[in-house]
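Participant: Provided herewith: data-v1.cif, mmCIF, C-alpha atoms.
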```
data_data
#
loop_
_atom_site.label_atom_id
_atom_site.label_comp_id
_atom_site.auth_asym_id
_atom_site.auth_seq_id
_atom_site.Cartn_x
_atom_site.Cartn_y
_atom_site.Cartn_z
CA MET A 233 -35.72 23.98 2.15
CA LYS A 234 -35.81 20.16 2.42
CA LEU A 235 -35.11 19.92 -1.32
CA PHE A 236 -32.06 22.20 -0.96
CA GLY A 237 -30.75 20.07 1.93
CA SER A 238 -31.24 16.88 -0.08
CA ILE A 239 -29.38 18.31 -3.06
CA VAL A 240 -26.45 19.40 -0.87
CA LEU A 241 -26.33 15.94 0.75
CA ILE A 242 -26.31 14.21 -2.65
CA LEU A 243 -23.51 16.47 -3.95
CA LEU A 244 -21.38 15.89 -0.85
CA THR A 245 -21.87 12.14 -1.02
CA ALA A 246 -21.15 11.94 -4.76
CA GLY A 247 -17.78 13.63 -4.33
CA SER A 248 -16.53 11.47 -1.50
CA CYS A 249 -14.42 8.32 -1.77
CA GLN A 250 -16.38 5.14 -1.28
CA TYR A 251 -13.76 2.36 -1.40
CA ASP A 252 -10.14 1.44 -1.95
CA PRO A 253 -9.71 0.75 -5.70
CA PHE A 254 -7.11 -1.93 -4.89
CA ALA A 255 -9.21 -3.77 -2.28
CA SER A 256 -9.93 -6.71 -4.59
CA ASP A 257 -6.16 -7.28 -5.02
CA MET A 258 -5.41 -7.54 -1.28
CA THR A 259 -4.19 -10.86 0.14
CA THR A 260 -6.76 -12.23 2.60
CA HIS A 261 -4.87 -15.30 3.80
CA LYS A 262 -1.57 -15.39 5.67
CA PRO A 263 1.27 -16.03 3.21
CA LYS A 264 3.98 -18.48 4.22
CA PHE A 265 7.17 -16.85 5.48
CA LYS A 266 9.35 -18.49 2.79
CA GLU A 267 6.97 -17.40 0.02
CA VAL A 268 7.53 -13.70 0.65
CA LEU A 269 11.31 -13.68 1.03
CA GLY A 270 13.22 -12.00 -1.76
CA THR A 271 13.53 -8.81 -3.75
CA TYR A 272 10.63 -6.61 -4.81
CA LYS A 273 11.22 -3.93 -7.44
CA PHE A 274 9.24 -0.92 -8.60
CA GLU A 275 6.54 -1.78 -11.11
CA ASN A 276 4.08 1.13 -11.08
CA GLN A 277 2.78 4.07 -9.08
CA THR A 278 -0.49 5.98 -9.14
CA VAL A 279 0.55 9.03 -7.14
CA GLY A 280 0.17 11.13 -10.25
CA GLU A 281 3.53 12.83 -10.34
CA ASP A 282 5.70 11.94 -13.35
CA SER A 283 8.81 13.00 -11.45
CA VAL A 284 8.06 10.30 -8.85
CA ASP A 285 8.03 7.66 -11.62
CA LYS A 286 11.60 8.58 -12.56
CA LEU A 287 12.81 8.83 -8.97
CA ALA A 288 11.05 5.66 -7.82
CA SER A 289 12.14 3.55 -10.78
CA ASN A 290 14.97 2.14 -8.62
CA ALA A 291 12.74 1.50 -5.59
CA THR A 292 13.53 -1.89 -4.09
CA ILE A 293 12.56 -3.79 -0.95
CA LEU A 294 14.55 -6.87 0.06
CA LEU A 295 12.92 -9.18 2.63
CA ASN A 296 15.62 -11.24 4.33
CA ALA A 297 15.22 -14.61 6.08
CA ASP A 298 16.36 -13.09 9.40
CA SER A 299 13.21 -10.88 9.37
CA THR A 300 15.15 -7.77 8.39
CA PHE A 301 14.50 -5.69 5.30
CA ASP A 302 16.42 -3.24 3.18
CA ALA A 303 14.37 -0.58 1.42
CA VAL A 304 16.07 1.61 -1.19
CA ASP A 305 14.70 4.73 -2.90
CA ILE A 306 11.15 4.46 -1.55
CA PRO A 307 9.23 7.72 -2.19
CA ASN A 308 8.01 9.44 0.96
CA PHE A 309 5.06 11.82 1.06
CA VAL A 310 4.17 14.20 3.88
CA ASN A 311 0.70 15.77 3.73
CA GLU A 312 0.38 14.58 0.10
CA LYS A 313 3.59 16.36 -0.96
CA TYR A 314 6.67 14.52 -2.16
CA ASP A 315 9.35 14.61 0.56
CA GLY A 316 12.30 12.71 -0.92
CA LEU A 317 13.40 9.10 -1.16
CA LEU A 318 13.88 6.80 1.83
CA SER A 319 16.57 4.15 2.14
CA VAL A 320 16.28 2.24 5.41
CA HIS A 321 17.09 -1.05 7.12
CA GLY A 322 14.81 -2.54 9.78
CA LYS A 323 12.72 -5.49 10.96
CA TRP A 324 9.56 -6.85 9.35
CA THR A 325 6.74 -9.21 10.28
CA ILE A 326 3.73 -10.67 8.48
CA ASP A 327 0.48 -9.73 10.19
CA ILE A 328 -3.08 -8.56 9.75
CA ILE A 329 -2.94 -4.92 8.69
CA GLY A 330 -6.59 -4.24 7.94
CA GLY A 331 -9.75 -5.69 6.53
CA VAL A 332 -11.40 -6.12 3.15
CA ASP A 333 -15.17 -6.09 2.72
CA ASN A 334 -16.17 -9.12 0.66
CA GLY A 335 -19.87 -8.24 0.49
CA ASN A 336 -20.81 -10.64 3.29
CA GLY A 337 -18.54 -9.24 5.96
CA THR A 338 -14.90 -8.37 6.38
CA GLU A 339 -11.89 -10.58 5.67
CA ASP A 340 -8.49 -9.97 7.25
CA GLU A 341 -5.95 -8.25 5.01
CA TYR A 342 -2.36 -9.46 5.38
CA GLY A 343 0.78 -7.48 4.84
CA LEU A 344 4.07 -6.40 6.28
CA ILE A 345 4.56 -4.36 9.39
CA VAL A 346 7.93 -2.66 9.04
CA ASN A 347 9.89 -0.49 11.45
CA GLY A 348 12.33 2.30 10.71
CA VAL A 349 10.03 4.06 8.23
CA PRO A 350 7.55 6.92 8.69
CA GLU A 351 4.35 5.81 10.43
CA SER A 352 2.30 6.53 7.31
CA ILE A 353 3.98 3.65 5.42
CA GLN A 354 4.63 1.14 8.24
CA HIS A 355 1.91 -1.15 6.87
CA ILE A 356 2.61 -2.55 3.40
CA SER A 357 -0.07 -4.72 1.79
CA PHE A 358 0.48 -8.02 0.05
CA THR A 359 -1.44 -8.42 -3.19
CA GLY A 360 -2.33 -11.64 -4.95
CA ILE A 361 -3.97 -14.92 -4.04
CA ARG A 362 -0.79 -17.00 -4.24
CA SER A 363 2.96 -16.66 -4.52
CA PRO A 364 4.61 -14.67 -5.96
CA TYR A 365 2.94 -11.84 -4.09
CA SER A 366 3.47 -8.17 -4.83
CA LEU A 367 3.78 -5.31 -2.34
CA LEU A 368 1.49 -2.29 -2.30
CA ILE A 369 2.49 0.88 -0.44
CA THR A 370 -0.48 3.19 0.08
CA TYR A 371 0.07 6.92 0.38
CA GLY A 372 -2.62 8.79 2.30
CA ASP A 373 -6.30 7.82 2.18
CA PRO A 374 -6.62 4.32 0.64
CA ASP A 375 -9.85 5.37 -1.07
CA GLU A 376 -7.88 7.83 -3.22
CA GLY A 377 -5.81 5.00 -4.72
CA HIS A 378 -2.39 6.65 -4.40
CA VAL A 379 -0.04 3.68 -4.29
CA MET A 380 3.29 2.27 -5.34
CA ILE A 381 3.43 -1.34 -6.49
CA LEU A 382 6.56 -3.45 -6.17
CA LYS A 383 6.71 -6.79 -7.95
CA LYS A 384 8.75 -9.76 -6.75
CA ASN A 385 11.70 -10.68 -8.96
#
```
Using the file provided, produce a representation of the structure as structure tokens.

Facilitator:
Amino acid sequence: MKLFGSIVLILLTAGSCQYDPFASDMTTHKPKFKEVLGTYKFENQTVGEDSVDKLASNATILLNADSTFDAVDIPNFVNEKYDGLLSVHGKWTIDIIGGVDNGNGTEDEYGLIVNGVPESIQHISFTGIRSPYSLLITYGDPDEGHVMILKKN
């Protein structure tokens, strides 16, 4: 019976997500305000739906100097199902949005906190160690690696 329990435990553990595949790309220092201003355009997505690639190809986020943003054609997912494109205007700030395990502890992860969007995408990660940074929108569980990447023009 112990052997059966051990086998079940191993199978359950082997199938679970262990880490965010983009963790090593996350920005762990606070970028300067002026460094992040500008336009970010769709570069890639890993959601796994080809139709989203075509729809999101015009996705753009503009970060303005007055701390407002304009987001155009950002894919929205509800319960892992595509739910249309979002185009919104709102306010943004740079802040700590999570942590990244560096093997010796956790480092702060910096990104954008945006309002006017669904709660599931209110935290947008910066990627890169220096300017120009990219933006990473995570859909669902970060360990699954479903993201959209926007690159600064």

Participant: Residues within 8 Å of Asp252 in chain A, please, as a VMD selection string. Count only C-alpha atoms; anything in the same chain fewer than 4 positions from it doesn't count.

Facilitator: chain A and resid 374 to 377

Participant: Let me see the file: selected residues, C-alpha atoms, as a compact mmCIF listing (two decimals), in the frame of the given file.

Facilitator:
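Written file, result35.txt:
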```txt
# COMPACT_ATOMS: atom_id res chain seq x y z
CA PRO A 374 -6.62 4.32 0.64
CA ASP A 375 -9.85 5.37 -1.07
CA GLU A 376 -7.88 7.83 -3.22
CA GLY A 377 -5.81 5.00 -4.72
```

Participant: Need to verify the contact set: Trp324 in chain A, 10 Å, all atoms listed in the file, exclusion of same-chain residues closer than 2 positions in sequence. Can you return it as a list in words?

Facilitator: Leu295, Asn296, Asp298, Ser299, Thr300, Phe301, Asp302, His321, Gly322, Ile326, Asp327, Gly343, Leu344, Ile345, Val346, Asn347, Gly348, Gln354 and His355 of chain A

Participant: Interatomic distance between CA of Asp373 in chain A and CA of Asp257 in chain A?

Facilitator: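 Taking CA of Asp373 in chain A and CA of Asp257 in chain A, their separation equals 16.7 Å.
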
Participant: Convert the output of the PyMOL selection byres ((chain A and resi 309-320) around 9) on the shown file into explicit residues, formatted as a list in words.

Facilitator: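 Answer for the PyMOL selection byres ((chain A and resi 309-320) around 9): Glu281, Val284, Leu287, Ala288, Ala291, Phe301, Asp302, Ala303, Val304, Asp305, Ile306, Pro307, Asn308, His321, Gly322, Gly348, Val349, Ser352, Tyr371 and Gly372 of chain A.
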
Participant: For Tyr342 in chain A, list every protein, DNA or RNA residue within 10 Å, evaluated using all atoms listed in the file, and leave out those in the same chain fewer than 6 positions away; present the list as a PyMOL selection string.

Facilitator: chain A and resi 258-263+326-332+355-359

Participant: Could you state the separation of CA of Val379 in chain A and CA of Ile353 in chain A in Å, given to one decimal place?

Facilitator: 10.5 Å

Participant: One decimal, Å: what's the distance from CA of Ser289 in chain A over to CA of Glu341 in chain A, could you say?

Facilitator: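 According to the coordinates, CA of Ser289 in chain A and CA of Glu341 in chain A are separated by 26.8 Å.
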
Participant: Please evaluate the PyMOL selection byres ((chain A and resi 272-275) around 7) against the displayed coordinates and give the resulting residues as a PyMOL selection string.

Facilitator: chain A and resi 270-271+276+288-294+381-385
